[in-house]
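Novice: There's a structure below that I have some questions on.
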Amino acid sequence: MRIASPSIRFSADLNDIINNNLHFKDIQATSPFIRLHKWDTAKTTANGTAPPPIRIDQLTATEPDLMIRINRNDSVAVMRLPFSENSLVQATAIELTDGGMKLGALKLNTTSATFAKAGGEVLGVEDGKINMDLSDIQFSNKDGKLKWGGFINELSLQNANGLQMGKTKNNLFFQNASLGNVSLSSDLLPDFGQLLKKNVSAWLRIPQGQFIDSNTTLQWYNARYNNTTRSLSLDSFIYHPTQPLDTVLAKAPYQLDYITFKTGDVTIDGLDVAQYEMDSSFIAQSITINAPLLTVYRDKLQPLNPNRKDKLLPVEMIRNMSLPVAIEEINIKDGLIVYGERNGKSRKEGTFFLNNVNGKVSHIKNSNLEDDDSLMLQLNAGLMDAADLSLTLNQSYSDSLSGFLLQAQIGGTDLAFLNTVLAPLSNVKIASGVLDSLSFKAVGRKDVALGEMQMFYNGLRIKLIKGGDPEVSTFWQEAASVLANTFLIRRANKERKGLMYFKHLPKQSFVNYIIKTTVSGIATSVGAIRNKKYTKQYNKAIQESNTPPIKL
């Protein structure tokens with residue numbers, strides 16, 4: 001060990017020191033330069049007697065420069081606390097004995113501190129800020145093994161080059177982190193479960209972080225974990241593709257969905273951190289998401305990918321997750337869902353949205369499943385700010401055909417609100433019509449969906465248009481509109497039920513499956529397609545798939 005300092009002040013009882021009682025009441029060191037190189041070898045002493053203990057009531061070191069190197073076998077570990085302007089180390093109740101070291105408290109304020117493991121990995125802060133407040137620190141050597149322990153009152157880290165968490169290097173980046181009320185020891189650290197039980201009041205905060213790779217960008221703000229309540233909360237969360245929409249569409253050879261997602265406050269309650277550390281299982285009692293905004297955009301100019309994989313139904317997606325998941329419920333409050341599509345021919349854009357979305361998804365799990373377990377969705381929303389929508393979905397985890405029950409109710413409204421979607425995407429405009437109410441019940445499986453719809457309306461008239469422009473129609477489109485309104489479309493419906501039928505297309509998404517099934521019921525309700533036609537198609541599909549019929 002080599003120590004140098006331009007100024008050291010201390011106070012002690014001279015008689016104690018003469019009597020080999022090294023007790024210092026106060027030591028103050030200015031810019032101490034300390035180098036310690038330790039070889040882990042067999043312990044020997046010249047006369048077999050232990051060195052006298054050293055006690056220091058209070059130690060203050062300003063702007064220290066410390067490096068400790070420990071050689072063990074063929075490896076070297078290095079702890080570095082380099083010189084930092086205005087840095088400060090304060091320690092109290094220090095006791096150094098032949099058996100180890102104790103500190104009552106240790107406070108550190110500096111801009112850099114690192115620990116280089118024997119394997120070469122460097123931990124710590126190289127350029128930033130460190131504020132550390134520790135207490136009850138102990139180091140001892142028992143049976144040739146280092147035993148240590150201590151309590152972290154508060155530890156705050158800030159690193160200009162970023163900090164990382166986890167066992168592997170990745171693109172997870174954050175500059176600030178703080179934690180506190182943590183008891184650590186060499187006995188507790190290997191058992192993460194016991195570590196959490198010992199630290200009931202522990203907390204962790206990461207003000208801002210992000211994960212970025214070539215495809216995905218994730219960001220969060222003000223993340224806080226409280227081990228007392230086992231809750232994790234965020235002020236907001238953001239997901240979007242790393243490349244902007246125009247760039248992604250310009251490079252895409254086939255159609256794709258460009259999806260973005262952001263939220264307000266997010267709270268995860270009943271989080272099982274110990275189980276996650278053990279096998280990466282995500283287990284939580286509930287997740288509450290405030291003001292989520294989900295946007296989906298698709299350009300129909302490019303062809304569909306002929307090699308696209310089959311799209312799974314919700315339960316299948318959960319069961320096929322690579323990691324174990326068990327979430328009792330996800331609560332959604334005041335959300336907004338927006339779907340935009342650009343027509344491949346007219347190049348007009350249509351937008352469909354659900355506003356004021358409130359609801360919950362229950363029983364999300366892919367392990368320890370029982371026969372009666374079902375995924376449940378309950379949703380209330382505004383349909384394009386024009387009508388109230390209520391929807392429920394139940395899907396069994398054990399059904400070999402992935403069966404689900406879908407029910408919905410829509411309140412009365414002027415049907416013209418649909419023109420922002422119908423006109424640009426299908427060249428159809430609703431000239432007039434009032435919806436009194438709409439409700440349906442449908443059973444879907446991975447082969448077909450069948451249901452009944454009650455759509456009561458009056459005064460319905462449509463108009464065929466050109467190029468997605470609601471004000472432009474050709475002579476032939478005008479004529480076709482007259483024929484459709486006279487012979488095809490029912491002007492009103494007060495009691496007739498429409499049949500819902502659609503054959504599942506595995507390459508299309510579950511949302512597409514639901515929309516096409518719903519549209520089939522609207523088509524039969526207004527008379528565009530007869531119920532008998534769908535009944536014939538359904539019977540043929542059941543016969544071909546050799547599956548039991550659906551019971552409504």
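Identifiers in this document derive from the order of the structure tokens: chains are assigned A, B, ..., residues are numbered from 1 separately in each chain, and ligands are numbered from 1 in order of occurrence.
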Would you give me, as a Markdown table, each residue of range 174-285 of chain A having an atom within 8 Å of an atom of range 140-150 of chain A, along with its shortest atom pair and that distance in Å to one decimal, using only C-alpha atoms and sorting by chain and residue number?
Specialist:
| residue | atom | partner | partner_atom | distance |
| --- | --- | --- | --- | --- |
| A:Ser183 | CA | A:Gly150 | CA | 6.0 |
| A:Leu184 | CA | A:Gly150 | CA | 5.5 |
| A:Ser185 | CA | A:Gly149 | CA | 3.8 |
| A:Ser186 | CA | A:Trp148 | CA | 5.4 |
| A:Asp187 | CA | A:Lys147 | CA | 7.8 |
Novice: May I have the residues from that selection written out with C-alpha atoms, as a CSV table (one decimal), in the first residue's frame?
Specialist:
chain,number,residue,atom,x,y,z
A,183,SER,CA,-29.8,-4.4,2.6
A,184,LEU,CA,-27.1,-6.4,0.8
A,185,SER,CA,-24.8,-9.1,1.9
A,186,SER,CA,-22.7,-12.0,0.5
A,187,ASP,CA,-25.2,-14.4,2.0
Novice: Just the residues within 9 Å of Val76 in chain A, please, counting only C-alpha atoms, with nothing from its chain fewer than 2 positions along; format it as JSON, numbers by chain.
Specialist: {"A": [69, 70, 71, 72, 73, 74, 78, 116, 117, 118, 119, 120]}
Novice: Can you tell me which residues surround Leu256 in chain A at a distance of at most 10 Å, considering only C-alpha atoms, apart from same-chain residues fewer than 6 positions away, and format the answer as a PDB file with all heavy atoms, in the first residue's frame?
Specialist:
ATOM      1  N   VAL A 248     -40.237   3.587 -44.033  1.00  0.00           N
ATOM      2  CA  VAL A 248     -40.652   2.187 -43.955  1.00  0.00           C
ATOM      3  C   VAL A 248     -41.469   1.802 -45.173  1.00  0.00           C
ATOM      4  O   VAL A 248     -41.243   0.749 -45.786  1.00  0.00           O
ATOM      5  CB  VAL A 248     -41.454   1.937 -42.667  1.00  0.00           C
ATOM      6  CG1 VAL A 248     -42.045   0.531 -42.666  1.00  0.00           C
ATOM      7  CG2 VAL A 248     -40.561   2.124 -41.442  1.00  0.00           C
ATOM      8  N   LEU A 249     -42.422   2.637 -45.575  1.00  0.00           N
ATOM      9  CA  LEU A 249     -43.264   2.324 -46.731  1.00  0.00           C
ATOM     10  C   LEU A 249     -42.458   2.312 -48.025  1.00  0.00           C
ATOM     11  O   LEU A 249     -42.716   1.499 -48.921  1.00  0.00           O
ATOM     12  CB  LEU A 249     -44.402   3.343 -46.835  1.00  0.00           C
ATOM     13  CG  LEU A 249     -45.445   3.313 -45.713  1.00  0.00           C
ATOM     14  CD1 LEU A 249     -46.505   4.384 -45.940  1.00  0.00           C
ATOM     15  CD2 LEU A 249     -46.099   1.938 -45.613  1.00  0.00           C
ATOM     16  N   VAL A 296     -52.598   2.400 -36.156  1.00  0.00           N
ATOM     17  CA  VAL A 296     -52.230   1.389 -37.144  1.00  0.00           C
ATOM     18  C   VAL A 296     -52.468   2.005 -38.520  1.00  0.00           C
ATOM     19  O   VAL A 296     -53.555   2.540 -38.792  1.00  0.00           O
ATOM     20  CB  VAL A 296     -53.063   0.107 -36.993  1.00  0.00           C
ATOM     21  CG1 VAL A 296     -52.615  -0.938 -38.009  1.00  0.00           C
ATOM     22  CG2 VAL A 296     -52.951  -0.447 -35.578  1.00  0.00           C
ATOM     23  N   TYR A 297     -51.462   1.921 -39.383  1.00  0.00           N
ATOM     24  CA  TYR A 297     -51.593   2.495 -40.732  1.00  0.00           C
ATOM     25  C   TYR A 297     -51.148   1.460 -41.755  1.00  0.00           C
ATOM     26  O   TYR A 297     -50.142   0.785 -41.570  1.00  0.00           O
ATOM     27  CB  TYR A 297     -50.733   3.755 -40.870  1.00  0.00           C
ATOM     28  CG  TYR A 297     -50.904   4.464 -42.197  1.00  0.00           C
ATOM     29  CD1 TYR A 297     -51.913   5.403 -42.366  1.00  0.00           C
ATOM     30  CD2 TYR A 297     -50.071   4.186 -43.275  1.00  0.00           C
ATOM     31  CE1 TYR A 297     -52.081   6.060 -43.580  1.00  0.00           C
ATOM     32  CE2 TYR A 297     -50.236   4.832 -44.491  1.00  0.00           C
ATOM     33  CZ  TYR A 297     -51.245   5.762 -44.633  1.00  0.00           C
ATOM     34  OH  TYR A 297     -51.412   6.402 -45.834  1.00  0.00           O
ATOM     35  N   ARG A 298     -51.934   1.352 -42.850  1.00  0.00           N
ATOM     36  CA  ARG A 298     -51.606   0.408 -43.911  1.00  0.00           C
ATOM     37  C   ARG A 298     -51.805   1.076 -45.268  1.00  0.00           C
ATOM     38  O   ARG A 298     -52.825   1.722 -45.508  1.00  0.00           O
ATOM     39  CB  ARG A 298     -52.466  -0.838 -43.813  1.00  0.00           C
ATOM     40  CG  ARG A 298     -52.274  -1.836 -44.970  1.00  0.00           C
ATOM     41  CD  ARG A 298     -53.011  -3.124 -44.715  1.00  0.00           C
ATOM     42  NE  ARG A 298     -52.316  -3.953 -43.747  1.00  0.00           N
ATOM     43  CZ  ARG A 298     -51.789  -5.152 -44.037  1.00  0.00           C
ATOM     44  NH1 ARG A 298     -51.877  -5.641 -45.262  1.00  0.00           N
ATOM     45  NH2 ARG A 298     -51.182  -5.853 -43.116  1.00  0.00           N
ATOM     46  N   ASP A 299     -50.828   0.899 -46.152  1.00  0.00           N
ATOM     47  CA  ASP A 299     -50.920   1.370 -47.538  1.00  0.00           C
ATOM     48  C   ASP A 299     -51.159   0.165 -48.431  1.00  0.00           C
ATOM     49  O   ASP A 299     -50.346  -0.766 -48.451  1.00  0.00           O
ATOM     50  CB  ASP A 299     -49.625   2.090 -47.932  1.00  0.00           C
ATOM     51  CG  ASP A 299     -49.754   2.840 -49.260  1.00  0.00           C
ATOM     52  OD1 ASP A 299     -50.557   2.400 -50.113  1.00  0.00           O
ATOM     53  OD2 ASP A 299     -49.051   3.846 -49.440  1.00  0.00           O
ATOM     54  N   LYS A 300     -52.287   0.180 -49.178  1.00  0.00           N
ATOM     55  CA  LYS A 300     -52.678  -0.958 -50.001  1.00  0.00           C
ATOM     56  C   LYS A 300     -52.037  -0.945 -51.393  1.00  0.00           C
ATOM     57  O   LYS A 300     -52.396  -1.761 -52.246  1.00  0.00           O
ATOM     58  CB  LYS A 300     -54.204  -0.979 -50.166  1.00  0.00           C
ATOM     59  CG  LYS A 300     -54.963  -1.338 -48.891  1.00  0.00           C
ATOM     60  CD  LYS A 300     -54.680  -2.768 -48.500  1.00  0.00           C
ATOM     61  CE  LYS A 300     -55.653  -3.310 -47.471  1.00  0.00           C
ATOM     62  NZ  LYS A 300     -56.966  -3.602 -48.005  1.00  0.00           N
ATOM     63  N   GLN A 302     -48.853  -1.703 -52.261  1.00  0.00           N
ATOM     64  CA  GLN A 302     -48.009  -2.871 -52.464  1.00  0.00           C
ATOM     65  C   GLN A 302     -48.835  -4.155 -52.361  1.00  0.00           C
ATOM     66  O   GLN A 302     -49.884  -4.182 -51.723  1.00  0.00           O
ATOM     67  CB  GLN A 302     -46.885  -2.896 -51.420  1.00  0.00           C
ATOM     68  CG  GLN A 302     -45.988  -1.666 -51.421  1.00  0.00           C
ATOM     69  CD  GLN A 302     -45.181  -1.543 -52.696  1.00  0.00           C
ATOM     70  OE1 GLN A 302     -45.098  -2.473 -53.491  1.00  0.00           O
ATOM     71  NE2 GLN A 302     -44.604  -0.373 -52.914  1.00  0.00           N
ATOM     72  N   PRO A 303     -48.372  -5.235 -52.981  1.00  0.00           N
ATOM     73  CA  PRO A 303     -49.103  -6.508 -52.878  1.00  0.00           C
ATOM     74  C   PRO A 303     -48.925  -7.133 -51.504  1.00  0.00           C
ATOM     75  O   PRO A 303     -48.030  -6.755 -50.735  1.00  0.00           O
ATOM     76  CB  PRO A 303     -48.445  -7.370 -53.961  1.00  0.00           C
ATOM     77  CG  PRO A 303     -47.045  -6.833 -54.055  1.00  0.00           C
ATOM     78  CD  PRO A 303     -47.162  -5.349 -53.824  1.00  0.00           C
ATOM     79  N   LEU A 304     -49.771  -8.106 -51.194  1.00  0.00           N
ATOM     80  CA  LEU A 304     -49.607  -8.880 -49.963  1.00  0.00           C
ATOM     81  C   LEU A 304     -48.410  -9.812 -50.082  1.00  0.00           C
ATOM     82  O   LEU A 304     -48.086 -10.284 -51.179  1.00  0.00           O
ATOM     83  CB  LEU A 304     -50.869  -9.688 -49.672  1.00  0.00           C
ATOM     84  CG  LEU A 304     -52.120  -8.897 -49.290  1.00  0.00           C
ATOM     85  CD1 LEU A 304     -53.337  -9.821 -49.270  1.00  0.00           C
ATOM     86  CD2 LEU A 304     -51.944  -8.216 -47.949  1.00  0.00           C
ATOM     87  N   ASN A 305     -47.757 -10.069 -48.986  1.00  0.00           N
ATOM     88  CA  ASN A 305     -46.597 -10.962 -48.971  1.00  0.00           C
ATOM     89  C   ASN A 305     -47.076 -12.404 -49.180  1.00  0.00           C
ATOM     90  O   ASN A 305     -47.815 -12.931 -48.350  1.00  0.00           O
ATOM     91  CB  ASN A 305     -45.869 -10.837 -47.639  1.00  0.00           C
ATOM     92  CG  ASN A 305     -44.581 -11.634 -47.600  1.00  0.00           C
ATOM     93  OD1 ASN A 305     -44.285 -12.415 -48.511  1.00  0.00           O
ATOM     94  ND2 ASN A 305     -43.805 -11.445 -46.552  1.00  0.00           N
TER      95      ASN A 305
END
Novice: Would you pick out the contacts of Phe456 in chain A at 12 Å or less, using only C-alpha atoms, so that residues sharing its chain but fewer than 4 positions from it are not included, and give the list as a JSON list (two decimals) with N, CA and C atoms, in the first residue's frame?
Specialist:
[["chain", "number", "residue", "atom", "x", "y", "z"],
["A", 409, "GLN", "N", -72.95, -4.26, -28.90],
["A", 409, "GLN", "CA", -74.12, -3.40, -29.04],
["A", 409, "GLN", "C", -73.65, -2.01, -29.44],
["A", 410, "ILE", "N", -74.37, -1.40, -30.39],
["A", 410, "ILE", "CA", -74.07, -0.05, -30.85],
["A", 410, "ILE", "C", -75.34, 0.77, -30.75],
["A", 411, "GLY", "N", -75.23, 1.97, -30.18],
["A", 411, "GLY", "CA", -76.38, 2.85, -30.01],
["A", 411, "GLY", "C", -76.77, 3.55, -31.30],
["A", 412, "GLY", "N", -77.88, 4.28, -31.27],
["A", 412, "GLY", "CA", -78.39, 4.97, -32.44],
["A", 412, "GLY", "C", -77.51, 6.12, -32.89],
["A", 413, "THR", "N", -77.48, 6.36, -34.22],
["A", 413, "THR", "CA", -76.68, 7.45, -34.78],
["A", 413, "THR", "C", -77.02, 7.63, -36.25],
["A", 415, "LEU", "N", -76.02, 7.36, -39.91],
["A", 415, "LEU", "CA", -75.05, 6.47, -40.56],
["A", 415, "LEU", "C", -74.05, 7.21, -41.44],
["A", 433, "GLY", "N", -79.58, 7.89, -43.92],
["A", 433, "GLY", "CA", -79.84, 6.71, -43.11],
["A", 433, "GLY", "C", -79.61, 6.98, -41.64],
["A", 434, "VAL", "N", -80.50, 6.44, -40.80],
["A", 434, "VAL", "CA", -80.38, 6.60, -39.36],
["A", 434, "VAL", "C", -80.41, 5.21, -38.73],
["A", 435, "LEU", "N", -79.40, 4.92, -37.91],
["A", 435, "LEU", "CA", -79.34, 3.65, -37.19],
["A", 435, "LEU", "C", -80.04, 3.81, -35.85],
["A", 436, "ASP", "N", -81.05, 2.96, -35.62],
["A", 436, "ASP", "CA", -81.73, 2.97, -34.33],
["A", 436, "ASP", "C", -80.93, 2.18, -33.29],
["A", 437, "SER", "N", -80.47, 1.00, -33.66],
["A", 437, "SER", "CA", -79.62, 0.19, -32.77],
["A", 437, "SER", "C", -79.03, -0.96, -33.56],
["A", 438, "LEU", "N", -77.93, -1.49, -33.07],
["A", 438, "LEU", "CA", -77.28, -2.65, -33.70],
["A", 438, "LEU", "C", -76.74, -3.53, -32.59],
["A", 439, "SER", "N", -77.02, -4.81, -32.66],
["A", 439, "SER", "CA", -76.47, -5.76, -31.71],
["A", 439, "SER", "C", -76.23, -7.08, -32.41],
["A", 440, "PHE", "N", -75.25, -7.81, -31.95],
["A", 440, "PHE", "CA", -75.00, -9.12, -32.55],
["A", 440, "PHE", "C", -74.32, -10.04, -31.56],
["A", 460, "LEU", "N", -82.35, 4.43, -45.36],
["A", 460, "LEU", "CA", -81.02, 4.15, -45.91],
["A", 460, "LEU", "C", -80.99, 4.35, -47.42],
["A", 490, "ARG", "N", -82.38, -2.55, -48.68],
["A", 490, "ARG", "CA", -83.62, -2.30, -47.96],
["A", 490, "ARG", "C", -83.56, -0.90, -47.34],
["A", 491, "ARG", "N", -84.62, -0.15, -47.56],
["A", 491, "ARG", "CA", -84.64, 1.22, -47.05],
["A", 491, "ARG", "C", -84.71, 1.25, -45.53],
["A", 492, "ALA", "N", -85.39, 0.25, -44.93],
["A", 492, "ALA", "CA", -85.54, 0.22, -43.48],
["A", 492, "ALA", "C", -85.60, -1.22, -43.01],
["A", 493, "ASN", "N", -85.25, -1.43, -41.75],
["A", 493, "ASN", "CA", -85.33, -2.75, -41.13],
["A", 493, "ASN", "C", -85.74, -2.56, -39.67],
["A", 494, "LYS", "N", -86.87, -3.16, -39.29],
["A", 494, "LYS", "CA", -87.39, -3.00, -37.94],
["A", 494, "LYS", "C", -87.38, -4.29, -37.14],
["A", 495, "GLU", "N", -87.24, -5.44, -37.81],
["A", 495, "GLU", "CA", -87.34, -6.69, -37.06],
["A", 495, "GLU", "C", -86.51, -7.84, -37.61],
["A", 496, "ARG", "N", -86.08, -7.76, -38.86],
["A", 496, "ARG", "CA", -85.41, -8.88, -39.51],
["A", 496, "ARG", "C", -83.99, -9.05, -38.96],
["A", 497, "LYS", "N", -83.58, -10.33, -38.72],
["A", 497, "LYS", "CA", -82.23, -10.65, -38.29],
["A", 497, "LYS", "C", -81.35, -10.94, -39.49],
["A", 498, "GLY", "N", -80.13, -10.45, -39.44],
["A", 498, "GLY", "CA", -79.16, -10.74, -40.48],
["A", 498, "GLY", "C", -78.22, -11.86, -40.04],
["A", 522, "ILE", "N", -73.91, -6.93, -41.48],
["A", 522, "ILE", "CA", -74.47, -5.68, -42.02],
["A", 522, "ILE", "C", -74.98, -5.90, -43.43],
["A", 525, "SER", "N", -78.23, -7.70, -43.30],
["A", 525, "SER", "CA", -79.25, -6.87, -42.65],
["A", 525, "SER", "C", -79.83, -5.84, -43.62],
["A", 526, "VAL", "N", -79.00, -5.27, -44.49],
["A", 526, "VAL", "CA", -79.48, -4.25, -45.44],
["A", 526, "VAL", "C", -79.95, -4.88, -46.76]]
Novice: Running DSSP on the backbone, which parts of range 127-293 of chain A land in strand (DSSP E or B), as a VMD selection string?
Specialist: chain A and resid 128 to 142 145 to 163 172 to 185 203 to 212 216 to 226 231 to 234 236 to 241 258 to 262 266 to 269 282 to 290 293
Novice: Using only C-alpha atoms, what does the table of range 228-277 of chain A residues within 10 Å of range 318-335 of chain A look like, with each row giving the shortest atom pair and its distance in Å to one decimal, sorted by chain and ascending number, as JSON lines?
Specialist:
{"residue": "A:Thr263", "atom": "CA", "partner": "A:Gly335", "partner_atom": "CA", "distance": 8.6}
{"residue": "A:Gly264", "atom": "CA", "partner": "A:Gly335", "partner_atom": "CA", "distance": 9.6}
{"residue": "A:Val266", "atom": "CA", "partner": "A:Ile332", "partner_atom": "CA", "distance": 9.8}
{"residue": "A:Thr267", "atom": "CA", "partner": "A:Asn331", "partner_atom": "CA", "distance": 9.8}
{"residue": "A:Ile268", "atom": "CA", "partner": "A:Ile330", "partner_atom": "CA", "distance": 9.1}
{"residue": "A:Asp269", "atom": "CA", "partner": "A:Ile327", "partner_atom": "CA", "distance": 9.9}
{"residue": "A:Gly270", "atom": "CA", "partner": "A:Ile327", "partner_atom": "CA", "distance": 9.4}
{"residue": "A:Leu271", "atom": "CA", "partner": "A:Ile327", "partner_atom": "CA", "distance": 9.3}
{"residue": "A:Tyr276", "atom": "CA", "partner": "A:Pro324", "partner_atom": "CA", "distance": 9.2}
Novice: Enumerate as a compact mmCIF listing (two decimals) with all heavy atoms, in the first residue's frame all residues of range 202-402 of chain A assigned to alpha helix (DSSP H) by DSSP on the backbone, naming them with the chain letters and numbers the document uses.
Specialist:
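And here is the file that came out, out_17.txt:
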# COMPACT_ATOMS: atom_id res chain seq x y z
N LEU A 245 -42.53 6.65 -40.95
CA LEU A 245 -43.50 5.98 -41.80
C LEU A 245 -43.10 6.02 -43.27
O LEU A 245 -43.13 4.98 -43.96
CB LEU A 245 -44.87 6.63 -41.61
CG LEU A 245 -45.99 6.13 -42.53
CD1 LEU A 245 -46.26 4.64 -42.31
CD2 LEU A 245 -47.26 6.94 -42.30
N ASP A 246 -42.73 7.19 -43.79
CA ASP A 246 -42.40 7.31 -45.21
C ASP A 246 -41.23 6.41 -45.59
O ASP A 246 -41.22 5.79 -46.66
CB ASP A 246 -42.08 8.77 -45.56
CG ASP A 246 -43.30 9.67 -45.47
OD1 ASP A 246 -44.42 9.12 -45.45
OD2 ASP A 246 -43.13 10.91 -45.39
N THR A 247 -40.23 6.32 -44.71
CA THR A 247 -39.06 5.49 -44.99
C THR A 247 -39.43 4.01 -45.00
O THR A 247 -38.99 3.25 -45.88
CB THR A 247 -37.96 5.74 -43.94
OG1 THR A 247 -37.60 7.12 -43.95
CG2 THR A 247 -36.74 4.89 -44.22
N VAL A 248 -40.24 3.59 -44.03
CA VAL A 248 -40.65 2.19 -43.95
C VAL A 248 -41.47 1.80 -45.17
O VAL A 248 -41.24 0.75 -45.79
CB VAL A 248 -41.45 1.94 -42.67
CG1 VAL A 248 -42.04 0.53 -42.67
CG2 VAL A 248 -40.56 2.12 -41.44
N LEU A 249 -42.42 2.64 -45.58
CA LEU A 249 -43.26 2.32 -46.73
C LEU A 249 -42.46 2.31 -48.02
O LEU A 249 -42.72 1.50 -48.92
CB LEU A 249 -44.40 3.34 -46.84
CG LEU A 249 -45.45 3.31 -45.71
CD1 LEU A 249 -46.51 4.38 -45.94
CD2 LEU A 249 -46.10 1.94 -45.61
N ALA A 250 -41.48 3.21 -48.13
CA ALA A 250 -40.67 3.27 -49.35
C ALA A 250 -39.82 2.01 -49.53
O ALA A 250 -39.54 1.59 -50.65
CB ALA A 250 -39.77 4.51 -49.32
N LYS A 251 -39.41 1.39 -48.42
CA LYS A 251 -38.56 0.20 -48.49
C LYS A 251 -39.34 -1.10 -48.49
O LYS A 251 -38.78 -2.16 -48.78
CB LYS A 251 -37.58 0.20 -47.31
CG LYS A 251 -36.58 1.35 -47.31
CD LYS A 251 -35.67 1.26 -46.10
CE LYS A 251 -34.65 2.38 -46.09
NZ LYS A 251 -33.75 2.32 -44.89
N VAL A 273 -41.18 -9.91 -8.88
CA VAL A 273 -39.83 -9.67 -9.38
C VAL A 273 -38.94 -10.88 -9.15
O VAL A 273 -38.08 -11.21 -9.98
CB VAL A 273 -39.23 -8.42 -8.71
CG1 VAL A 273 -37.80 -8.17 -9.21
CG2 VAL A 273 -40.09 -7.21 -8.98
N ALA A 274 -39.15 -11.59 -8.05
CA ALA A 274 -38.32 -12.76 -7.74
C ALA A 274 -38.50 -13.85 -8.79
O ALA A 274 -37.53 -14.47 -9.23
CB ALA A 274 -38.67 -13.30 -6.36
N GLN A 275 -39.74 -14.08 -9.22
CA GLN A 275 -39.98 -15.10 -10.23
C GLN A 275 -39.41 -14.69 -11.58
O GLN A 275 -38.89 -15.51 -12.34
CB GLN A 275 -41.49 -15.36 -10.37
CG GLN A 275 -41.83 -16.60 -11.19
CD GLN A 275 -41.35 -17.88 -10.53
OE1 GLN A 275 -41.39 -18.02 -9.32
NE2 GLN A 275 -40.86 -18.82 -11.33
N TYR A 276 -39.48 -13.38 -11.88
CA TYR A 276 -38.89 -12.90 -13.13
C TYR A 276 -37.38 -13.12 -13.15
O TYR A 276 -36.81 -13.53 -14.16
CB TYR A 276 -39.20 -11.41 -13.31
CG TYR A 276 -38.59 -10.83 -14.57
CD1 TYR A 276 -39.19 -11.01 -15.81
CD2 TYR A 276 -37.40 -10.12 -14.52
CE1 TYR A 276 -38.63 -10.51 -16.96
CE2 TYR A 276 -36.82 -9.60 -15.66
CZ TYR A 276 -37.45 -9.80 -16.88
OH TYR A 276 -36.87 -9.30 -18.02
N GLU A 277 -36.74 -12.86 -12.02
CA GLU A 277 -35.30 -13.08 -11.94
C GLU A 277 -34.96 -14.56 -12.09
O GLU A 277 -33.94 -14.91 -12.68
CB GLU A 277 -34.78 -12.55 -10.59
CG GLU A 277 -33.33 -12.85 -10.30
CD GLU A 277 -32.38 -12.12 -11.21
OE1 GLU A 277 -32.80 -11.14 -11.86
OE2 GLU A 277 -31.20 -12.52 -11.28
N MET A 278 -35.85 -15.42 -11.62
CA MET A 278 -35.57 -16.86 -11.64
C MET A 278 -35.71 -17.45 -13.04
O MET A 278 -34.83 -18.17 -13.52
CB MET A 278 -36.53 -17.57 -10.68
CG MET A 278 -36.27 -19.06 -10.51
SD MET A 278 -37.46 -19.81 -9.36
CE MET A 278 -37.13 -18.85 -7.88
N ASP A 279 -36.83 -17.17 -13.73
CA ASP A 279 -37.05 -17.82 -15.04
C ASP A 279 -37.64 -16.88 -16.08
O ASP A 279 -38.22 -17.34 -17.08
CB ASP A 279 -37.96 -19.04 -14.88
CG ASP A 279 -39.33 -18.68 -14.32
OD1 ASP A 279 -39.62 -17.49 -14.16
OD2 ASP A 279 -40.11 -19.62 -14.03
N PRO A 314 -56.15 -14.68 -30.52
CA PRO A 314 -55.58 -14.15 -29.27
C PRO A 314 -55.03 -15.20 -28.32
O PRO A 314 -53.91 -15.07 -27.82
CB PRO A 314 -56.77 -13.40 -28.66
CG PRO A 314 -57.57 -12.96 -29.83
CD PRO A 314 -57.44 -14.05 -30.84
N VAL A 315 -55.80 -16.24 -28.02
CA VAL A 315 -55.34 -17.26 -27.08
C VAL A 315 -54.10 -17.97 -27.61
O VAL A 315 -53.16 -18.27 -26.87
CB VAL A 315 -56.47 -18.27 -26.79
CG1 VAL A 315 -55.91 -19.57 -26.24
CG2 VAL A 315 -57.46 -17.68 -25.80
N GLU A 316 -54.07 -18.22 -28.91
CA GLU A 316 -52.90 -18.88 -29.50
C GLU A 316 -51.67 -17.99 -29.39
O GLU A 316 -50.55 -18.47 -29.17
CB GLU A 316 -53.18 -19.22 -30.96
CG GLU A 316 -54.25 -20.30 -31.14
CD GLU A 316 -54.61 -20.49 -32.60
OE1 GLU A 316 -54.73 -19.48 -33.32
OE2 GLU A 316 -54.75 -21.65 -33.02
N MET A 317 -51.83 -16.68 -29.57
CA MET A 317 -50.72 -15.75 -29.44
C MET A 317 -50.14 -15.79 -28.03
O MET A 317 -48.92 -15.80 -27.84
CB MET A 317 -51.16 -14.33 -29.79
CG MET A 317 -51.35 -14.08 -31.27
SD MET A 317 -51.56 -12.33 -31.67
CE MET A 317 -53.19 -12.03 -31.03
N ILE A 318 -51.03 -15.82 -27.02
CA ILE A 318 -50.57 -15.85 -25.64
C ILE A 318 -49.86 -17.17 -25.33
O ILE A 318 -48.80 -17.20 -24.72
CB ILE A 318 -51.76 -15.63 -24.68
CG1 ILE A 318 -52.34 -14.24 -24.89
CG2 ILE A 318 -51.32 -15.81 -23.23
CD1 ILE A 318 -53.63 -13.99 -24.14
N ARG A 319 -50.45 -18.27 -25.79
CA ARG A 319 -49.84 -19.58 -25.53
C ARG A 319 -48.49 -19.74 -26.21
O ARG A 319 -47.64 -20.50 -25.75
CB ARG A 319 -50.78 -20.69 -25.98
CG ARG A 319 -52.08 -20.76 -25.19
CD ARG A 319 -52.92 -21.94 -25.62
NE ARG A 319 -52.30 -23.20 -25.24
CZ ARG A 319 -52.89 -24.13 -24.49
NH1 ARG A 319 -54.10 -23.93 -24.03
NH2 ARG A 319 -52.27 -25.25 -24.21
